[in-house]
$ cat target30.csv   # CSV, C-alpha atoms
chain,number,residue,atom,x,y,z
R,1,MET,CA,30.5,-219.0,-134.5
R,2,LYS,CA,29.0,-216.1,-132.5
R,3,GLU,CA,25.6,-214.9,-133.5
R,4,GLY,CA,25.7,-211.8,-135.7
R,5,ILE,CA,29.3,-212.5,-137.0
R,6,LYS,CA,29.2,-212.9,-140.8
R,7,GLN,CA,31.3,-215.5,-142.5
R,8,PRO,CA,33.5,-214.0,-145.2
R,9,LYS,CA,31.9,-214.3,-148.6
R,10,PRO,CA,33.9,-216.8,-150.8
R,11,LEU,CA,35.8,-215.1,-153.6
R,12,PRO,CA,34.9,-215.9,-157.2
R,13,GLU,CA,37.1,-218.2,-159.2
R,14,PRO,CA,39.0,-216.5,-162.1
R,15,ASN,CA,36.7,-216.5,-165.1
R,16,VAL,CA,38.8,-216.1,-168.3
R,17,ASP,CA,35.8,-216.7,-170.6
R,18,PHE,CA,33.8,-213.7,-169.4
R,19,TYR,CA,31.5,-213.7,-172.4
R,20,GLU,CA,31.1,-217.5,-172.4
R,21,LEU,CA,32.6,-218.1,-175.9
R,22,ALA,CA,33.2,-221.8,-175.2
R,23,GLU,CA,29.5,-222.2,-174.6
R,24,THR,CA,28.8,-221.5,-178.3
R,25,LEU,CA,30.3,-224.9,-179.2
R,26,PRO,CA,28.0,-227.9,-179.9
R,27,ALA,CA,27.9,-230.4,-177.0
R,28,ASP,CA,30.4,-232.9,-178.5
R,29,GLU,CA,33.0,-230.2,-179.2
R,30,LEU,CA,32.5,-228.6,-175.8
R,31,ALA,CA,33.1,-232.0,-174.2
R,32,ALA,CA,36.4,-232.3,-176.2
R,33,LEU,CA,37.5,-228.9,-175.1
R,34,LYS,CA,36.8,-229.7,-171.5
R,35,GLN,CA,38.8,-232.8,-171.9
R,36,VAL,CA,41.8,-230.7,-173.1
R,37,ARG,CA,41.3,-228.3,-170.2
R,38,GLU,CA,41.4,-231.2,-167.7
R,39,PHE,CA,44.5,-232.6,-169.3
R,40,MET,CA,46.3,-229.3,-169.2
R,41,GLN,CA,45.2,-228.6,-165.7
R,42,SER,CA,46.0,-232.0,-164.2
R,43,LYS,CA,48.9,-233.2,-166.2
R,44,VAL,CA,50.7,-230.2,-167.7
R,45,ALA,CA,50.3,-227.4,-165.1
R,46,PRO,CA,52.0,-229.2,-162.2
R,47,ILE,CA,55.2,-229.9,-164.1
R,48,ILE,CA,55.6,-227.3,-166.8
R,49,THR,CA,57.6,-224.8,-164.9
R,50,LYS,CA,60.2,-227.4,-164.1
R,51,TYR,CA,60.5,-228.3,-167.8
R,52,TRP,CA,60.5,-224.6,-168.8
R,53,ALA,CA,63.4,-223.9,-166.4
R,54,GLU,CA,65.3,-226.9,-167.8
R,55,ASP,CA,64.7,-226.1,-171.4
R,56,ALA,CA,63.3,-229.6,-171.9
R,57,PHE,CA,60.2,-231.2,-173.4
R,58,PRO,CA,57.9,-233.5,-171.3
R,59,PHE,CA,58.0,-236.5,-173.5
R,60,GLU,CA,56.4,-238.7,-170.9
R,61,LEU,CA,53.1,-236.8,-171.6
R,62,LEU,CA,52.9,-238.0,-175.2
R,63,PRO,CA,50.9,-241.1,-174.4
R,64,GLU,CA,48.3,-239.0,-172.6
R,65,PHE,CA,48.3,-236.6,-175.5
R,66,LYS,CA,47.4,-239.4,-177.9
R,67,LYS,CA,44.3,-240.2,-175.9
R,68,LEU,CA,42.9,-236.7,-176.4
R,69,ASN,CA,42.5,-237.4,-180.1
R,70,ILE,CA,42.7,-233.8,-181.1
R,71,MET,CA,45.4,-233.8,-183.9
R,72,GLY,CA,44.0,-232.6,-187.2
R,73,ALA,CA,41.3,-230.5,-185.6
R,74,ALA,CA,39.3,-228.7,-188.3
R,75,LEU,CA,40.9,-231.0,-190.9
R,76,GLU,CA,38.4,-233.4,-192.4
R,77,GLY,CA,39.0,-237.0,-193.3
R,78,TYR,CA,42.2,-239.1,-193.3
R,79,GLY,CA,41.9,-239.9,-189.6
R,80,CYS,CA,42.0,-236.3,-188.5
R,81,ARG,CA,40.0,-235.0,-185.6
R,82,GLY,CA,37.9,-232.7,-187.8
R,83,GLY,CA,35.4,-230.4,-186.2
R,84,SER,CA,34.8,-226.7,-186.5
R,85,GLY,CA,37.4,-224.0,-186.9
R,86,LEU,CA,36.1,-222.6,-183.6
R,87,LEU,CA,37.0,-225.9,-181.8
R,88,PHE,CA,40.5,-225.7,-183.5
R,89,GLY,CA,41.0,-222.2,-182.1
R,90,LEU,CA,39.6,-222.9,-178.7
R,91,ILE,CA,41.9,-225.9,-178.2
R,92,ALA,CA,44.9,-223.8,-179.1
R,93,MET,CA,43.7,-221.0,-176.7
R,94,GLU,CA,43.1,-223.5,-173.9
R,95,MET,CA,46.5,-225.0,-174.2
R,96,ALA,CA,48.2,-221.6,-174.3
R,97,ARG,CA,46.3,-220.6,-171.2
R,98,PHE,CA,48.4,-223.1,-169.3
R,99,ASP,CA,51.6,-223.1,-171.4
R,100,ALA,CA,52.5,-221.4,-174.7
R,101,SER,CA,55.1,-224.0,-175.6
R,102,ILE,CA,52.7,-226.9,-175.5
R,103,ALA,CA,50.2,-224.9,-177.6
R,104,THR,CA,53.1,-224.2,-180.1
R,105,PHE,CA,54.1,-227.9,-180.2
R,106,VAL,CA,50.5,-228.9,-181.2
R,107,GLY,CA,50.2,-225.9,-183.6
R,108,VAL,CA,53.3,-226.9,-185.5
R,109,HIS,CA,52.4,-230.6,-185.7
R,110,SER,CA,48.7,-230.4,-186.2
R,111,GLY,CA,48.3,-227.0,-187.9
R,112,LEU,CA,51.5,-226.4,-190.0
R,113,ALA,CA,52.8,-229.9,-190.8
R,114,MET,CA,49.5,-231.8,-191.1
R,115,GLY,CA,47.8,-228.7,-192.6
R,116,SER,CA,50.5,-228.5,-195.3
R,117,ILE,CA,49.8,-232.1,-196.4
R,118,HIS,CA,46.1,-231.7,-196.1
R,119,MET,CA,46.0,-228.6,-198.3
R,120,GLY,CA,48.9,-229.4,-200.7
R,121,GLY,CA,49.2,-233.1,-200.8
R,122,SER,CA,47.8,-235.6,-203.3
R,123,GLU,CA,45.3,-238.2,-202.2
R,124,GLU,CA,48.1,-240.8,-201.9
R,125,GLN,CA,50.1,-238.5,-199.7
R,126,LYS,CA,47.2,-237.6,-197.5
R,127,ASN,CA,46.3,-241.2,-197.0
R,128,LYS,CA,49.9,-242.2,-196.3
R,129,TRP,CA,50.9,-239.5,-193.9
R,130,LEU,CA,47.9,-237.9,-192.2
R,131,PRO,CA,46.5,-241.0,-190.3
R,132,PRO,CA,49.8,-241.8,-188.5
R,133,MET,CA,50.3,-238.1,-187.8
R,134,ALA,CA,46.7,-237.8,-186.4
R,135,ARG,CA,47.5,-240.8,-184.1
R,136,MET,CA,50.8,-239.1,-183.1
R,137,GLU,CA,52.7,-242.1,-184.3
R,138,LYS,CA,54.7,-239.6,-186.4
R,139,ILE,CA,55.3,-236.0,-185.3
R,140,GLY,CA,55.9,-233.2,-187.9
R,141,CYS,CA,57.5,-229.8,-188.2
R,142,PHE,CA,57.4,-227.0,-190.7
R,143,GLY,CA,60.6,-225.7,-192.3
R,144,LEU,CA,60.2,-222.3,-193.9
R,145,THR,CA,62.2,-219.7,-192.0
R,146,GLU,CA,66.0,-219.6,-192.7
R,147,PRO,CA,69.0,-218.2,-190.9
R,148,LEU,CA,69.1,-215.2,-193.2
R,149,VAL,CA,65.5,-215.2,-194.4
R,150,GLY,CA,62.5,-214.5,-192.2
R,151,SER,CA,60.0,-211.9,-193.4
R,152,GLY,CA,61.3,-212.2,-197.0
R,153,THR,CA,60.4,-215.9,-197.5
R,154,GLY,CA,57.9,-215.0,-200.2
R,155,GLY,CA,60.6,-214.2,-202.7
R,156,GLY,CA,64.0,-214.8,-201.1
R,157,LEU,CA,64.4,-218.5,-200.0
R,158,THR,CA,68.0,-219.6,-200.2
R,159,THR,CA,67.2,-223.3,-199.8
R,160,THR,CA,67.1,-224.8,-203.2
R,161,ALA,CA,65.6,-227.9,-204.9
R,162,LYS,CA,66.9,-229.3,-208.1
R,163,ARG,CA,65.1,-232.0,-210.0
R,164,ASP,CA,67.2,-235.1,-210.9
R,165,GLY,CA,65.1,-237.8,-212.5
R,166,ASP,CA,62.6,-239.1,-210.0
R,167,THR,CA,64.3,-237.3,-207.1
R,168,TRP,CA,65.0,-233.8,-205.9
R,169,ILE,CA,68.3,-232.6,-204.5
R,170,ILE,CA,67.7,-230.1,-201.6
R,171,ASN,CA,70.4,-227.9,-200.2
R,172,GLY,CA,70.1,-225.2,-197.5
R,173,GLN,CA,69.2,-224.4,-193.9
R,174,LYS,CA,66.1,-223.8,-191.9
R,175,LYS,CA,66.1,-222.0,-188.5
R,176,TRP,CA,63.8,-221.7,-185.5
R,177,ILE,CA,61.9,-224.9,-186.5
R,178,GLY,CA,59.8,-226.1,-183.7
R,179,ASN,CA,59.8,-229.9,-183.0
R,180,ALA,CA,62.7,-230.3,-185.4
R,181,PRO,CA,65.3,-231.8,-183.0
R,182,TRP,CA,63.2,-234.9,-182.3
R,183,CYS,CA,60.3,-235.2,-184.8
R,184,ASP,CA,59.9,-237.7,-187.7
R,185,VAL,CA,58.7,-235.6,-190.6
R,186,SER,CA,59.7,-232.1,-191.9
R,187,ILE,CA,57.7,-230.1,-194.4
R,188,ILE,CA,60.6,-228.3,-196.2
R,189,TRP,CA,59.9,-225.3,-198.5
R,190,ALA,CA,62.6,-224.8,-201.1
R,191,ARG,CA,63.0,-222.7,-204.3
R,192,ASP,CA,63.0,-224.8,-207.5
R,193,VAL,CA,66.1,-223.7,-209.4
R,194,ALA,CA,64.3,-224.5,-212.7
R,195,ASP,CA,61.4,-222.1,-212.4
R,196,ASN,CA,62.3,-220.1,-209.3
R,197,GLN,CA,59.0,-221.1,-207.6
R,198,VAL,CA,58.7,-222.3,-204.0
R,199,LYS,CA,57.7,-225.9,-203.6
R,200,GLY,CA,57.0,-228.1,-200.6
R,201,PHE,CA,58.6,-231.5,-199.7
R,202,ILE,CA,57.9,-234.1,-197.1
R,203,VAL,CA,61.3,-235.1,-195.7
R,204,GLU,CA,61.8,-238.1,-193.5
R,205,ASN,CA,64.2,-236.8,-190.9
R,206,LYS,CA,65.7,-240.1,-189.6
R,207,THR,CA,66.2,-241.9,-192.9
R,208,THR,CA,67.3,-239.1,-195.3
R,209,PRO,CA,71.1,-238.9,-195.8
R,210,GLY,CA,72.4,-235.4,-195.5
R,211,PHE,CA,69.6,-234.2,-193.2
R,212,SER,CA,70.8,-233.0,-189.8
R,213,VAL,CA,69.4,-230.9,-186.9
R,214,GLU,CA,71.1,-228.9,-184.2
R,215,LYS,CA,69.0,-227.8,-181.2
R,216,ILE,CA,68.9,-224.1,-180.7
R,217,GLN,CA,70.2,-223.2,-177.2
R,218,ASN,CA,69.9,-220.1,-174.9
R,219,LYS,CA,66.3,-219.1,-175.7
R,220,ILE,CA,64.4,-216.8,-173.3
R,221,ALA,CA,61.0,-217.8,-174.6
R,222,LEU,CA,59.1,-221.0,-175.5
R,223,LYS,CA,61.8,-222.9,-173.8
R,224,VAL,CA,59.8,-226.2,-173.6
R,225,VAL,CA,59.5,-226.2,-177.4
R,226,GLN,CA,62.6,-227.7,-178.9
R,227,ASN,CA,63.6,-225.5,-181.8
R,228,GLY,CA,66.2,-226.6,-184.4
R,229,LEU,CA,68.6,-225.4,-187.0
R,230,ILE,CA,68.0,-227.9,-189.9
R,231,THR,CA,70.8,-228.4,-192.5
R,232,LEU,CA,70.1,-230.1,-195.8
R,233,ASN,CA,73.2,-231.2,-197.6
R,234,ASN,CA,72.4,-232.8,-201.0
R,235,CYS,CA,69.3,-234.4,-199.5
R,236,ARG,CA,67.6,-236.7,-202.0
R,237,VAL,CA,63.9,-236.6,-201.7
R,238,PRO,CA,61.7,-238.7,-204.1
R,239,GLU,CA,59.2,-236.9,-206.4
R,240,GLU,CA,56.5,-238.8,-204.6
R,241,ASN,CA,57.3,-236.8,-201.5
R,242,ARG,CA,56.9,-233.4,-203.2
R,243,LEU,CA,53.6,-231.8,-202.2
R,244,GLN,CA,51.8,-232.4,-205.5
R,245,GLN,CA,49.2,-229.6,-205.3
R,246,ASP,CA,51.8,-226.9,-204.4
R,247,SER,CA,53.6,-225.0,-207.2
R,248,SER,CA,54.4,-221.5,-205.8
R,249,PHE,CA,54.6,-219.5,-202.6
R,250,ARG,CA,50.9,-218.7,-203.0
R,251,ASP,CA,50.2,-222.3,-201.9
R,252,THR,CA,52.5,-221.9,-198.9
R,253,ALA,CA,50.6,-218.7,-198.0
R,254,LYS,CA,47.4,-220.7,-197.7
R,255,VAL,CA,48.9,-222.6,-194.8
R,256,LEU,CA,50.2,-219.4,-193.3
R,257,ARG,CA,46.8,-217.8,-193.5
R,258,MET,CA,45.3,-220.5,-191.4
R,259,THR,CA,48.2,-220.6,-188.9
R,260,ARG,CA,48.3,-216.9,-188.5
R,261,PHE,CA,44.8,-216.9,-187.2
R,262,LEU,CA,45.8,-219.9,-185.0
R,263,VAL,CA,48.5,-217.6,-183.5
R,264,GLY,CA,45.8,-215.2,-182.6
R,265,TRP,CA,44.1,-217.9,-180.5
R,266,GLU,CA,47.4,-218.8,-178.9
R,267,ALA,CA,48.2,-215.2,-178.1
R,268,THR,CA,44.7,-214.8,-176.5
R,269,GLY,CA,45.3,-217.9,-174.4
R,270,CYS,CA,48.7,-216.6,-173.3
R,271,GLN,CA,47.2,-213.5,-171.9
R,272,MET,CA,44.3,-215.5,-170.3
R,273,GLY,CA,47.0,-217.4,-168.4
R,274,ALA,CA,48.7,-214.2,-167.2
R,275,TYR,CA,45.3,-212.7,-166.2
R,276,GLU,CA,44.2,-215.8,-164.3
R,277,ASN,CA,47.4,-216.1,-162.3
R,278,ALA,CA,47.6,-212.4,-161.6
R,279,LEU,CA,44.0,-212.4,-160.3
R,280,THR,CA,44.6,-215.3,-158.1
R,281,TYR,CA,47.7,-213.7,-156.7
R,282,ALA,CA,45.8,-210.4,-156.1
R,283,GLN,CA,43.1,-212.2,-154.1
R,284,GLN,CA,45.7,-213.9,-151.9
R,285,ARG,CA,48.5,-211.3,-151.5
R,286,LEU,CA,48.1,-209.2,-148.4
R,287,GLN,CA,49.4,-205.6,-148.0
R,288,PHE,CA,48.4,-203.2,-145.2
R,289,GLY,CA,46.2,-206.0,-143.8
R,290,LYS,CA,44.0,-206.6,-146.8
R,291,PRO,CA,44.2,-208.4,-150.2
R,292,ILE,CA,45.7,-206.2,-152.9
R,293,ALA,CA,42.7,-207.1,-155.0
R,294,SER,CA,40.7,-204.6,-152.8
R,295,PHE,CA,42.9,-201.7,-154.1
R,296,GLN,CA,41.5,-199.5,-156.8
R,297,LEU,CA,44.6,-199.4,-158.9
R,298,VAL,CA,44.9,-203.2,-158.9
R,299,GLN,CA,41.2,-203.6,-159.9
R,300,ASP,CA,41.8,-201.1,-162.7
R,301,LEU,CA,44.7,-203.2,-164.0
R,302,LEU,CA,42.6,-206.4,-163.8
R,303,ALA,CA,39.7,-204.8,-165.6
R,304,LYS,CA,42.0,-203.6,-168.4
R,305,MET,CA,43.5,-207.1,-168.7
R,306,LEU,CA,40.1,-208.8,-168.9
R,307,ALA,CA,39.0,-206.2,-171.5
R,308,ASN,CA,42.0,-207.1,-173.7
R,309,VAL,CA,41.4,-210.8,-173.3
R,310,THR,CA,37.7,-210.5,-174.2
R,311,ALA,CA,38.3,-208.3,-177.2
R,312,CYS,CA,40.8,-210.7,-178.6
R,313,GLN,CA,38.5,-213.7,-177.9
R,314,CYS,CA,35.7,-212.0,-179.9
R,315,MET,CA,38.0,-211.1,-182.7
R,316,VAL,CA,39.5,-214.6,-183.2
R,317,ALA,CA,36.0,-216.1,-182.9
R,318,ARG,CA,34.8,-214.0,-185.8
R,319,THR,CA,38.0,-215.0,-187.7
R,320,ALA,CA,37.1,-218.6,-187.2
R,321,GLN,CA,33.6,-217.9,-188.7
R,322,LEU,CA,35.2,-216.2,-191.7
R,323,HIS,CA,37.5,-219.2,-192.2
R,324,ALA,CA,34.6,-221.6,-192.1
R,325,GLU,CA,32.8,-219.5,-194.7
R,326,GLY,CA,35.8,-219.3,-197.0
R,327,LYS,CA,36.1,-215.6,-196.4
R,328,LEU,CA,39.4,-215.5,-194.4
R,329,THR,CA,41.7,-213.3,-196.5
R,330,ASP,CA,45.4,-212.8,-195.9
R,331,ALA,CA,44.6,-209.3,-194.6
R,332,ARG,CA,41.9,-210.5,-192.1
R,333,ALA,CA,44.3,-213.2,-190.8
R,334,ALA,CA,47.1,-210.6,-190.5
R,335,LEU,CA,45.0,-208.1,-188.6
R,336,SER,CA,43.9,-210.8,-186.2
R,337,LYS,CA,47.5,-211.9,-185.6
R,338,ALA,CA,48.8,-208.3,-185.2
R,339,PHE,CA,46.0,-207.1,-182.9
R,340,THR,CA,46.0,-210.1,-180.6
R,341,THR,CA,49.7,-210.2,-180.1
R,342,ALA,CA,50.0,-206.5,-179.4
R,343,ARG,CA,47.2,-206.7,-176.8
R,344,MET,CA,48.8,-209.8,-175.4
R,345,ARG,CA,52.1,-207.9,-174.8
R,346,GLU,CA,50.2,-205.2,-173.0
R,347,THR,CA,48.2,-207.7,-170.9
R,348,VAL,CA,51.1,-209.9,-169.8
R,349,ALA,CA,53.1,-206.7,-168.9
R,350,TRP,CA,50.2,-205.5,-166.7
R,351,GLY,CA,50.2,-209.0,-165.0
R,352,ARG,CA,53.9,-208.8,-164.3
R,353,GLU,CA,53.4,-205.3,-163.0
R,354,LEU,CA,50.6,-206.4,-160.6
R,355,LEU,CA,52.9,-209.0,-159.0
R,356,GLY,CA,55.6,-206.4,-158.2
R,357,GLY,CA,58.9,-208.1,-157.4
R,358,ASN,CA,57.3,-211.5,-157.6
R,359,GLY,CA,56.5,-210.9,-161.2
R,360,ILE,CA,60.0,-212.0,-162.3
R,361,SER,CA,59.8,-215.3,-160.4
R,362,LEU,CA,58.7,-218.5,-162.2
R,363,ASP,CA,57.1,-219.6,-158.9
R,364,TYR,CA,54.2,-217.3,-159.6
R,365,GLN,CA,53.7,-218.4,-163.3
R,366,VAL,CA,53.1,-214.9,-164.7
R,367,ALA,CA,56.8,-214.4,-165.6
R,368,ARG,CA,56.6,-217.5,-167.9
R,369,PHE,CA,53.7,-216.0,-169.8
R,370,PHE,CA,55.5,-212.6,-169.9
R,371,VAL,CA,58.5,-213.9,-171.7
R,372,ASP,CA,56.8,-216.5,-173.9
R,373,ALA,CA,54.6,-213.7,-175.3
R,374,GLU,CA,57.7,-212.3,-177.0
R,375,ALA,CA,57.8,-215.4,-179.3
R,376,PHE,CA,54.2,-215.2,-180.2
R,377,TYR,CA,54.7,-211.5,-181.1
R,378,SER,CA,57.3,-212.4,-183.7
R,379,TYR,CA,56.6,-215.8,-185.1
R,380,GLU,CA,54.3,-216.5,-188.1
R,381,GLY,CA,55.2,-213.0,-189.3
R,382,THR,CA,56.2,-209.9,-187.3
R,383,TYR,CA,53.7,-207.2,-186.1
R,384,GLN,CA,55.0,-204.8,-188.7
R,385,MET,CA,54.7,-207.3,-191.6
R,386,GLN,CA,51.1,-208.1,-190.6
R,387,ASN,CA,50.3,-204.4,-190.6
R,388,LEU,CA,51.8,-204.0,-194.1
R,389,ILE,CA,49.6,-206.8,-195.4
R,390,VAL,CA,46.6,-205.0,-193.9
R,391,GLY,CA,47.8,-201.6,-195.2
R,392,LYS,CA,48.1,-203.0,-198.8
R,393,ALA,CA,44.5,-204.4,-198.6
R,394,VAL,CA,42.9,-201.1,-197.3
R,395,THR,CA,44.9,-198.7,-199.5
R,396,GLY,CA,45.3,-200.7,-202.6
R,397,ILE,CA,49.0,-199.7,-202.6
R,398,SER,CA,51.8,-202.1,-201.6
R,399,ALA,CA,54.5,-200.7,-199.2
R,400,PHE,CA,56.6,-203.8,-199.5
R,401,VAL,CA,60.1,-203.2,-201.0
$ encode --input "target30.csv" --output "structure tokens"
Amino acid sequence: MKEGIKQPKPLPEPNVDFYELAETLPADELAALKQVREFMQSKVAPIITKYWAEDAFPFELLPEFKKLNIMGAALEGYGCRGGSGLLFGLIAMEMARFDASIATFVGVHSGLAMGSIHMGGSEEQKNKWLPPMARMEKIGCFGLTEPLVGSGTGGGLTTTAKRDGDTWIINGQKKWIGNAPWCDVSIIWARDVADNQVKGFIVENKTTPGFSVEKIQNKIALKVVQNGLITLNNCRVPEENRLQQDSSFRDTAKVLRMTRFLVGWEATGCQMGAYENALTYAQQRLQFGKPIASFQLVQDLLAKMLANVTACQCMVARTAQLHAEGKLTDARAALSKAFTTARMRETVAWGRELLGGNGISLDYQVARFFVDAEAFYSYEGTYQMQNLIVGKAVTGISAFV
């Protein structure tokens, strides 16, 4: 090198944790989070685009998943991972940073299915089901949404359960159920015809006559997650498989409160992935002889994306604290879900815009986050429904019909 010629300064690596949120974890939980990050980076990232394009799930990764020992994070006892709500959220965020579908798979199994049993099951049920689910020997799903009932699940479930001696006869359908086409256990919510109250049931998919699942085809988002249309035709479920602590939709809502704030973490991770890939692209993409990252308008977009990500991270971190303190109300969970998914939509759109024509190609990753964001925006309650929950809390007046 000639004297006086400066070497170009190395560019900084993308930093999607600008305010060092992960560093607030205790050492053992931070180590677990880094293990998840390494797994997602080394095992998932290299292959996930292929599976996304093929609408398929990477089953060969399940043995490696088991080694992470993260199922049942924030659930104590019964073989569950346990730990803080912050760890629970950061794991979901870290997974969604690399792929929204993998985060959803874990959220459905560990959060919705295991969470339902942990919150609503008897001691016998928790001891029977949670340890094998924590070890991923049995995978679960959560059947609430129906073909004709989405936002109205609180009072309008068409799936029915009728008591017949020591068994229940369940009839109906459930739609958009993640993991359903291949999992072992379904948490099915049905309306008891005797008292018109919603009750939960643990249904064993592969051994219950009358239980069938059809894989939902032609999705444009979360293509790696296998969603199913469940049909229950005179399914007989023993009374011992009814969630013994659940007697109305209020009990179902306890699970949804937890998982709504989980979606806030996932939505934050989704925009982190879009930002990270857009920044890397901007540093490498040359126009007019220089990286587009040197252009003012590009830097403006990146700064706005990072601001959205950071604001969402801070919001969901506080939500985790409220959950740990027993102060996470439906309205607080709803506001978190609504805000983070709205900001996510904005952030991934800016990422797609920054890439120009390449923004619609899976080869550059951002397109995957862009379309997957649409599922986060809708599931676990739409944006408008969350705002009505918040509106009722702040005004004291319900706007629900």
$ closest_residue --input "target30.csv" --among "R:Val44, R:Gly165, R:Val401, R:Gly357" --to "Asp99 of chain R" --atoms "all atoms listed in the file"
R:Val44
$ atom_distance --input "target30.csv" --atom1 "atom CA of Ala113 of chain R" --atom2 "atom CA of Ala73 of chain R"
12.6 Å
$ residues_around --input "target30.csv" --residues "Ile177 of chain R" --least-positions-apart "4" --cutoff "7 Å" --atoms "all atoms listed in the file" --output "list in words"
Cys141, Phe142, Gly143, Asn227, Gly228 and Leu229 of chain R
$ closest_residue --input "target30.csv" --among "R:Glu204, R:Asp164, R:Asp195, R:Glu124" --to "Trp182 of chain R" --atoms "all atoms listed in the file"
R:Glu204
$ residues_near_point --input "target30.csv" --point "(45.1, -207.1, -186.5)" --cutoff "10 Å" --atoms "only C-alpha atoms" --output "PyMOL selection string"
chain R and resi 261+264+312+315-316+331-343+383+386-387+389-390
$ closest_residue --input "target30.csv" --among "R:Phe57, R:Met114, R:Met344, R:Ala274" --to "Ala74 of chain R" --atoms "only C-alpha atoms"
R:Met114
$ closest_residue --input "target30.csv" --among "R:Ala320, R:Glu325, R:Val263, R:Ile397" --to "Ser378 of chain R" --atoms "all atoms listed in the file"
R:Val263
$ atom_distance --input "target30.csv" --atom1 "atom CA of Leu157 of chain R" --atom2 "atom CA of Ala190 of chain R"
6.6 Å
$ residues_around --input "target30.csv" --residues "Ala349 of chain R" --least-positions-apart "5" --cutoff "10 Å" --atoms "all atoms listed in the file" --output "PyMOL selection string"
chain R and resi 271+274+305+343-344+354+359+366-367+369-371+373
